[in-house]
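Trainee: Before I ask anything, let me first share the structure, which is written out below as structure tokens.
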Amino acid sequence: MRPLLERLAAGETIVGDGAWGTMLMARGLRPGVPPETLNLSSPEAIEEVAALYLDAGADFITTNTFGGSPLRLRAYGLEDRLEPINRAAVEAVRRAVGGRAYVAASIGPCGHVLKPYGDGDPDEIAGGYARQLEILADAGADLVIVETMTDLTEARLAVEAARRAAPDLPVMATMTFDRTRRGFFTVMGVTIAQAAEGLAAAGADIVGSNCGNGIEAMVEIARELRACSERPLAIQANAGLPESRGGAVVYPETPDVLASWVPALLAAGVRVIGGCCGTTPDHVRALRAAVAAAPPAR
Amino acid sequence: MDLLKSIAESLEHGDDERVHALVTEAVAAGLPAGDVLNQGLIAGMGVVGEQFRLREIFLPDVLLAARAMYAGLDVLKPLLARDGVPTAGTVVIGSVQGDLHDIGKNLVGIMLKGAGFEVVDLGNDVAPERFVDAAARSGAAVIGLSALLTTTMSVMKDVVDLVKARGLKARVIVGGAPVSEAFAKDIGADAYGFDAANAVDRVKALAAGA
Ligand code: B1M
């Protein structure tokens, strides 16, 4: 495969995969069980989901390691399983994609609010990310995705850890914004401009946003990002915001709705388009078709 | 009553040392502990909650304010007991099974303590049986459930059902960002609290038998 950053530089748009949690729940993941344990207990479920997204047209498949950092695993008494859990995650996706898509190592929040607001120790958090990333890189990941971040300091620790522990891998970093009356902020108070600048300064090759919003708000976020960043932009939207209908959780945006906004995303300079919570292989298929139908960038 | 106002303002700014000092001063000046609590600490926390809801402030500010509230409560706790302010009752709280979010639940706990309740905090990822066992053991009047995930909201119904199945008198209040009044009604909960201050009002009503 041609390196990701080369393809982006050549004007190609990259399509990501969709949600994992809901796909794994449909394959036996019970509430209260950390999803990462499935990497060991049912790797065939991981391979199955990866194959579905590959078939739908995703250029990269995310590993089931969002909560696989030592601190997150510690919350479940699983810290000593750090190595096997993260290694198995990469291996399962590699088996499923067989070189036809990039294996994207997912890195999520560590679960602790940093000092002085909470008890999170920056050195411990950075060290934890570095340990996780060394394993993911060694197992054969092709890129790193730091995602769903709301604290810029924590996001930067993760990006910097990736730069050090996996210097050869491209890094994409995306944060989650809420719409407020004064514009978009993360719940920790980070603006889009601060995120774009801070993530790039920490060494992210691709910056953007995932989760927390449906596709329409993401177009607005992309435009604001474009105004303050030169980097390739990434957007991975939810299929709308979850609604509870008669006890069941429903994500309202259909594949067609998501796809209909692809031209607007491309016009805003977005070069990596994927899905987050509530999206399915059908959403990815629709995104892929919409990207294919759009005129090439530049 | 400038002192009480200063306490509220210092709490809003998350200045725990100043809150501690001002509360100590107020108590030394003979102000009733109950007034310091309600017109100082709780008033300040109410402002913080509202500002957060409107995103005029963000989570870090809320967490600092919570710490300041604790600093003030530390001073008041022994006095409230000594003044014979009766405890308002016992409330068992926790984040439901599968849910690790506990910041909102902790705020509700702080405010309940502030309002004179005995709070049994079971932490996060709490199984339905643990809520019910703790309520039975402590004779709690109210069980408070918090959930931040659409995937864990459904566990709240399990708790409500178990409370009924065991024939417990305890009433159940639910809250958390994805929870609504309609959802609370749907699952048969006795009340819904939209933020920490509102939760206190609703718990008071439940404890009083409303
Ligand atoms: C008893 O009666 C009552 C009455 C009122 C009650 C009450 C009980 N409980 C609460 N209230 C009410 O009073 C409080 C004070 O006003 C309020 O409490 P809140 O809790 O609403 O408000 C708090 C004061 C502040 N709010 C918060 O503390 C939540 C903030 C956000 C950023 C958040 C955080 C911090 C975290 N997270 Co998570 N997280 C998000 C949140 C996104 C956001 N922008 O809000 C949310 C909630 N998380 C989400 C998700 C999906 C997840 N999180 C996860 C993990 C985490 C961290 C561990 C990293 C961390 C939690 C740390 C902690 N110790 O709590 C994972 C799940 C872990 C698990 N099994 O629980 C994970 C699955 C993975 C992920 N994508 O991050 C999303 C939920 C989507 C959904 N609706 O299902 C989410 C909205 C983020 C998003 N952008 O999509 C009221 O709701």
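Going through the structure tokens in order, the chains are called A, B, and so on, while each chain numbers its residues from 1 and the ligands are numbered from 1 in the order shown.
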Extract, using only C-alpha atoms, all DNA, RNA and protein residues at most 9 Å from Val219 (chain A), discarding same-chain residues fewer than 5 positions from it, and format them as a PDB file with all heavy atoms, in the first residue's frame.
Mentor:
ATOM      1  N   GLU A 224     -14.455  25.766  10.374  1.00  0.00           N
ATOM      2  CA  GLU A 224     -13.667  26.529  11.351  1.00  0.00           C
ATOM      3  C   GLU A 224     -12.247  26.003  11.453  1.00  0.00           C
ATOM      4  O   GLU A 224     -11.300  26.765  11.613  1.00  0.00           O
ATOM      5  CB  GLU A 224     -14.355  26.488  12.722  1.00  0.00           C
ATOM      6  CG  GLU A 224     -15.541  27.420  12.803  1.00  0.00           C
ATOM      7  CD  GLU A 224     -16.026  27.599  14.234  1.00  0.00           C
ATOM      8  OE1 GLU A 224     -15.195  27.669  15.161  1.00  0.00           O
ATOM      9  OE2 GLU A 224     -17.253  27.646  14.417  1.00  0.00           O
ATOM     10  N   ILE A 235     -12.756  14.182   9.643  1.00  0.00           N
ATOM     11  CA  ILE A 235     -14.052  14.263  10.326  1.00  0.00           C
ATOM     12  C   ILE A 235     -14.651  12.864  10.408  1.00  0.00           C
ATOM     13  O   ILE A 235     -14.801  12.178   9.397  1.00  0.00           O
ATOM     14  CB  ILE A 235     -15.030  15.188   9.553  1.00  0.00           C
ATOM     15  CG1 ILE A 235     -14.582  16.658   9.611  1.00  0.00           C
ATOM     16  CG2 ILE A 235     -16.454  15.023  10.086  1.00  0.00           C
ATOM     17  CD1 ILE A 235     -14.691  17.319  10.976  1.00  0.00           C
ATOM     18  N   TRP A 261     -23.818  15.056   2.820  1.00  0.00           N
ATOM     19  CA  TRP A 261     -22.969  16.158   3.274  1.00  0.00           C
ATOM     20  C   TRP A 261     -21.507  15.999   2.840  1.00  0.00           C
ATOM     21  O   TRP A 261     -20.667  16.858   3.139  1.00  0.00           O
ATOM     22  CB  TRP A 261     -23.040  16.297   4.797  1.00  0.00           C
ATOM     23  CG  TRP A 261     -24.373  16.812   5.238  1.00  0.00           C
ATOM     24  CD1 TRP A 261     -25.460  16.089   5.592  1.00  0.00           C
ATOM     25  CD2 TRP A 261     -24.759  18.193   5.353  1.00  0.00           C
ATOM     26  NE1 TRP A 261     -26.515  16.904   5.916  1.00  0.00           N
ATOM     27  CE2 TRP A 261     -26.111  18.201   5.786  1.00  0.00           C
ATOM     28  CE3 TRP A 261     -24.108  19.405   5.130  1.00  0.00           C
ATOM     29  CZ2 TRP A 261     -26.809  19.387   5.991  1.00  0.00           C
ATOM     30  CZ3 TRP A 261     -24.809  20.587   5.346  1.00  0.00           C
ATOM     31  CH2 TRP A 261     -26.146  20.566   5.771  1.00  0.00           C
ATOM     32  N   VAL A 262     -21.181  14.934   2.147  1.00  0.00           N
ATOM     33  CA  VAL A 262     -19.786  14.724   1.737  1.00  0.00           C
ATOM     34  C   VAL A 262     -19.249  15.857   0.860  1.00  0.00           C
ATOM     35  O   VAL A 262     -18.142  16.348   1.091  1.00  0.00           O
ATOM     36  CB  VAL A 262     -19.624  13.330   1.068  1.00  0.00           C
ATOM     37  CG1 VAL A 262     -18.314  13.242   0.293  1.00  0.00           C
ATOM     38  CG2 VAL A 262     -19.678  12.241   2.138  1.00  0.00           C
ATOM     39  N   ALA A 264     -19.994  18.948   0.916  1.00  0.00           N
ATOM     40  CA  ALA A 264     -19.724  20.096   1.789  1.00  0.00           C
ATOM     41  C   ALA A 264     -18.454  19.861   2.604  1.00  0.00           C
ATOM     42  O   ALA A 264     -17.656  20.790   2.803  1.00  0.00           O
ATOM     43  CB  ALA A 264     -20.910  20.334   2.721  1.00  0.00           C
ATOM     44  N   LEU A 265     -18.259  18.630   3.067  1.00  0.00           N
ATOM     45  CA  LEU A 265     -17.036  18.317   3.814  1.00  0.00           C
ATOM     46  C   LEU A 265     -15.815  18.485   2.918  1.00  0.00           C
ATOM     47  O   LEU A 265     -14.803  19.084   3.314  1.00  0.00           O
ATOM     48  CB  LEU A 265     -17.080  16.886   4.359  1.00  0.00           C
ATOM     49  CG  LEU A 265     -18.024  16.604   5.529  1.00  0.00           C
ATOM     50  CD1 LEU A 265     -18.036  15.113   5.859  1.00  0.00           C
ATOM     51  CD2 LEU A 265     -17.596  17.407   6.766  1.00  0.00           C
ATOM     52  N   ALA A 268     -14.924  21.947   2.369  1.00  0.00           N
ATOM     53  CA  ALA A 268     -14.306  22.558   3.550  1.00  0.00           C
ATOM     54  C   ALA A 268     -12.874  22.060   3.737  1.00  0.00           C
ATOM     55  O   ALA A 268     -12.201  22.456   4.691  1.00  0.00           O
ATOM     56  CB  ALA A 268     -15.136  22.245   4.792  1.00  0.00           C
TER      57      ALA A 268
END
Trainee: Could you list, as a ChimeraX atom specification, every residue of chain B that has an atom within 10 Å of an atom of chain A, counting only C-alpha atoms?
Mentor: /B:52-67,96-101,103,125-127,149-155,157,178-180,183,186-187
Trainee: Those selected residues, please, written with C-alpha atoms and delivered as a short mmCIF file (atom, residue, chain, number, x, y, z; two decimals), in the first residue's frame.
Mentor:
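Once written, result-v4.cif looks like this:
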data_model
loop_
_atom_site.label_atom_id
_atom_site.label_comp_id
_atom_site.auth_asym_id
_atom_site.auth_seq_id
_atom_site.Cartn_x
_atom_site.Cartn_y
_atom_site.Cartn_z
CA PHE B 52 -21.92 25.08 33.27
CA ARG B 53 -25.27 24.23 31.77
CA LEU B 54 -24.98 27.31 29.57
CA ARG B 55 -21.28 26.51 28.94
CA GLU B 56 -20.26 29.91 30.27
CA ILE B 57 -17.79 27.84 32.26
CA PHE B 58 -16.40 24.37 31.61
CA LEU B 59 -15.71 21.13 33.40
CA PRO B 60 -12.40 22.24 35.02
CA ASP B 61 -14.18 25.16 36.70
CA VAL B 62 -16.92 22.82 37.94
CA LEU B 63 -14.36 20.45 39.42
CA LEU B 64 -12.55 23.26 41.23
CA ALA B 65 -15.85 24.55 42.60
CA ALA B 66 -16.69 21.06 43.84
CA ARG B 67 -13.36 20.92 45.66
CA VAL B 96 -25.14 2.35 37.24
CA GLN B 97 -23.49 -0.86 36.10
CA GLY B 98 -21.28 -0.40 33.05
CA ASP B 99 -20.97 3.34 33.58
CA LEU B 100 -17.66 4.80 34.71
CA HIS B 101 -18.77 8.43 34.53
CA ILE B 103 -18.28 13.52 37.95
CA ASP B 125 -20.22 0.61 37.74
CA VAL B 126 -22.65 -0.41 40.49
CA ALA B 127 -24.73 -3.57 39.95
CA LEU B 149 -24.38 6.58 28.43
CA THR B 150 -27.37 5.73 26.32
CA THR B 151 -26.18 2.14 26.63
CA THR B 152 -26.30 2.12 30.44
CA MET B 153 -29.57 4.02 30.91
CA SER B 154 -31.48 0.75 30.57
CA VAL B 155 -29.80 -0.58 33.72
CA LYS B 157 -34.95 0.11 34.90
CA PRO B 178 -29.10 11.42 28.43
CA VAL B 179 -31.85 10.91 31.02
CA SER B 180 -35.12 12.83 30.84
CA PHE B 183 -37.55 8.35 30.45
CA ASP B 186 -41.17 5.23 31.32
CA ILE B 187 -39.06 3.06 33.60
#
Trainee: At what distance in Å, to one decimal, does atom 10 (C, counted along the ligand's line) of ligand 1 lie from CA of Gly123 (chain B)?
Mentor: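 For CA of Gly123 (chain B) relative to atom 10 (C, counted along the ligand's line) of ligand 1, the distance reads 12.9 Å.
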Trainee: I'd like to know which of A:Ala56, A:Ile206, A:Ile192, A:Ala105 is closest to Cys228 (chain A), using only C-alpha atoms.
Mentor: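 The shortest atom-to-atom distance to Cys228 (chain A) comes from A:Ile192.
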Trainee: Would you list, as a list in words, the residues of region 51-139 of chain B that end up in strand (DSSP E) under DSSP run on this structure's backbone?
Mentor: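 Written out, the strand (DSSP E) residues of region 51-139 of chain B are Gly89, Thr90, Val91, Val92, Ile93, Gly94, Ser95, Phe117, Glu118, Val119, Val120 and Asp121 of chain B.
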Trainee: Region 99-185 of chain B: which residues are alpha helix (DSSP H) by DSSP, as an MDAnalysis selection string?
Mentor: chainID B and resid 103:114 128:138 153:165 181:185
Trainee: Keeping only C-alpha atoms, write the selected residues to a file as an mmCIF file, in the first residue's frame.
Mentor:
data_model
loop_
_atom_site.group_PDB
_atom_site.id
_atom_site.type_symbol
_atom_site.label_atom_id
_atom_site.label_comp_id
_atom_site.auth_asym_id
_atom_site.auth_seq_id
_atom_site.Cartn_x
_atom_site.Cartn_y
_atom_site.Cartn_z
ATOM 1 C CA ILE B 103 -18.285 13.518 37.949
ATOM 2 C CA GLY B 104 -21.978 14.446 37.813
ATOM 3 C CA LYS B 105 -22.874 11.819 40.403
ATOM 4 C CA ASN B 106 -20.173 13.182 42.723
ATOM 5 C CA LEU B 107 -21.622 16.681 42.399
ATOM 6 C CA VAL B 108 -25.053 15.382 43.292
ATOM 7 C CA GLY B 109 -23.480 13.662 46.321
ATOM 8 C CA ILE B 110 -21.741 16.836 47.464
ATOM 9 C CA MET B 111 -24.940 18.844 47.194
ATOM 10 C CA LEU B 112 -26.939 16.205 49.038
ATOM 11 C CA LYS B 113 -24.377 16.184 51.843
ATOM 12 C CA GLY B 114 -24.589 19.946 51.860
ATOM 13 C CA PRO B 128 -28.476 -3.353 40.695
ATOM 14 C CA GLU B 129 -28.166 -5.781 43.641
ATOM 15 C CA ARG B 130 -25.604 -3.510 45.306
ATOM 16 C CA PHE B 131 -27.959 -0.524 45.214
ATOM 17 C CA VAL B 132 -30.765 -2.537 46.683
ATOM 18 C CA ASP B 133 -28.597 -4.234 49.329
ATOM 19 C CA ALA B 134 -27.095 -0.926 50.425
ATOM 20 C CA ALA B 135 -30.518 0.703 50.623
ATOM 21 C CA ALA B 136 -31.886 -2.155 52.694
ATOM 22 C CA ARG B 137 -28.879 -2.129 55.025
ATOM 23 C CA SER B 138 -28.829 1.645 55.570
ATOM 24 C CA MET B 153 -29.572 4.016 30.910
ATOM 25 C CA SER B 154 -31.477 0.755 30.569
ATOM 26 C CA VAL B 155 -29.805 -0.580 33.721
ATOM 27 C CA MET B 156 -31.783 2.029 35.661
ATOM 28 C CA LYS B 157 -34.946 0.115 34.904
ATOM 29 C CA ASP B 158 -33.349 -3.039 36.309
ATOM 30 C CA VAL B 159 -32.726 -1.227 39.597
ATOM 31 C CA VAL B 160 -36.257 0.162 39.719
ATOM 32 C CA ASP B 161 -37.647 -3.312 39.047
ATOM 33 C CA LEU B 162 -35.449 -4.901 41.699
ATOM 34 C CA VAL B 163 -36.467 -2.317 44.301
ATOM 35 C CA LYS B 164 -40.089 -3.220 43.627
ATOM 36 C CA ALA B 165 -39.420 -6.957 43.533
ATOM 37 C CA GLU B 181 -38.327 13.262 32.791
ATOM 38 C CA ALA B 182 -40.123 11.139 30.187
ATOM 39 C CA PHE B 183 -37.550 8.354 30.448
ATOM 40 C CA ALA B 184 -37.827 8.389 34.239
ATOM 41 C CA LYS B 185 -41.569 7.985 33.936
#
Trainee: Using only C-alpha atoms and all ligand atoms, which of the listed residues (A:Pro255, A:Gly214, A:Gly198, A:Pro109) sits closest to ligand 1?
Mentor: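 Residue with the minimum atom-to-atom distance to ligand 1: A:Pro109.
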Trainee: Residues within 7 Å of Leu152 (chain A), please, as an MDAnalysis selection string. Count only C-alpha atoms; anything in the same chain fewer than 3 positions from it doesn't count.
Mentor: chainID A and resid 155:156 190 195
Trainee: May I have the residues within 9 Å of Arg18 (chain B) as a PyMOL selection string, using only C-alpha atoms and disregarding those fewer than 5 positions away in the same chain?
Mentor: chain B and resi 7+10-11+23+68
Trainee: Mind dumping the selected residues with N, CA, C and O atoms as an mmCIF file, in the first residue's frame?
Mentor:
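Dumped everything to selection-v1.cif:
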data_model
loop_
_atom_site.group_PDB
_atom_site.id
_atom_site.type_symbol
_atom_site.label_atom_id
_atom_site.label_comp_id
_atom_site.auth_asym_id
_atom_site.auth_seq_id
_atom_site.Cartn_x
_atom_site.Cartn_y
_atom_site.Cartn_z
ATOM 1 N N ILE B 7 -18.362 34.041 50.317
ATOM 2 C CA ILE B 7 -18.179 32.586 50.305
ATOM 3 C C ILE B 7 -18.686 32.015 48.976
ATOM 4 O O ILE B 7 -17.995 31.251 48.308
ATOM 5 N N SER B 10 -16.302 33.023 46.172
ATOM 6 C CA SER B 10 -15.035 32.286 46.201
ATOM 7 C C SER B 10 -15.246 30.860 45.724
ATOM 8 O O SER B 10 -14.389 30.281 45.049
ATOM 9 N N LEU B 11 -16.378 30.299 46.067
ATOM 10 C CA LEU B 11 -16.670 28.945 45.599
ATOM 11 C C LEU B 11 -16.826 28.944 44.077
ATOM 12 O O LEU B 11 -16.281 28.076 43.393
ATOM 13 N N VAL B 23 -15.370 30.487 55.517
ATOM 14 C CA VAL B 23 -16.358 29.715 56.275
ATOM 15 C C VAL B 23 -15.945 29.675 57.745
ATOM 16 O O VAL B 23 -16.768 29.853 58.649
ATOM 17 N N ALA B 68 -13.863 23.221 46.276
ATOM 18 C CA ALA B 68 -14.069 24.316 47.226
ATOM 19 C C ALA B 68 -15.266 24.034 48.124
ATOM 20 O O ALA B 68 -15.256 24.354 49.314
#
Trainee: Set the distance at 7 Å and use only C-alpha atoms: which residues neighbour Thr13 (chain A) once local chain neighbours fewer than 4 positions away are removed? I'd like the list as an MDAnalysis selection string.
Mentor: chainID A and resid 8 271:272
Trainee: Using only C-alpha atoms, which protein or nucleic acid residues come within 8 Å of Arg231 (chain A)? Drop anything in the same chain fewer than 6 positions from it, and give the result as a PyMOL selection string.
Mentor: chain A and resi 200+205-207
Trainee: Keeping only N, CA and C atoms, write the selected residues as an mmCIF file, in the first residue's frame.
Mentor:
data_model
loop_
_atom_site.group_PDB
_atom_site.id
_atom_site.type_symbol
_atom_site.label_atom_id
_atom_site.label_comp_id
_atom_site.auth_asym_id
_atom_site.auth_seq_id
_atom_site.Cartn_x
_atom_site.Cartn_y
_atom_site.Cartn_z
ATOM 1 N N ALA A 200 -1.393 20.140 16.141
ATOM 2 C CA ALA A 200 -0.337 20.214 15.134
ATOM 3 C C ALA A 200 1.014 20.435 15.817
ATOM 4 N N ASP A 205 -0.167 14.799 12.167
ATOM 5 C CA ASP A 205 -0.116 15.052 10.731
ATOM 6 C C ASP A 205 -1.477 15.454 10.188
ATOM 7 N N ILE A 206 -2.514 14.930 10.813
ATOM 8 C CA ILE A 206 -3.891 15.155 10.392
ATOM 9 C C ILE A 206 -4.651 15.583 11.646
ATOM 10 N N VAL A 207 -5.453 16.641 11.567
ATOM 11 C CA VAL A 207 -6.217 17.078 12.746
ATOM 12 C C VAL A 207 -7.695 17.125 12.395
#
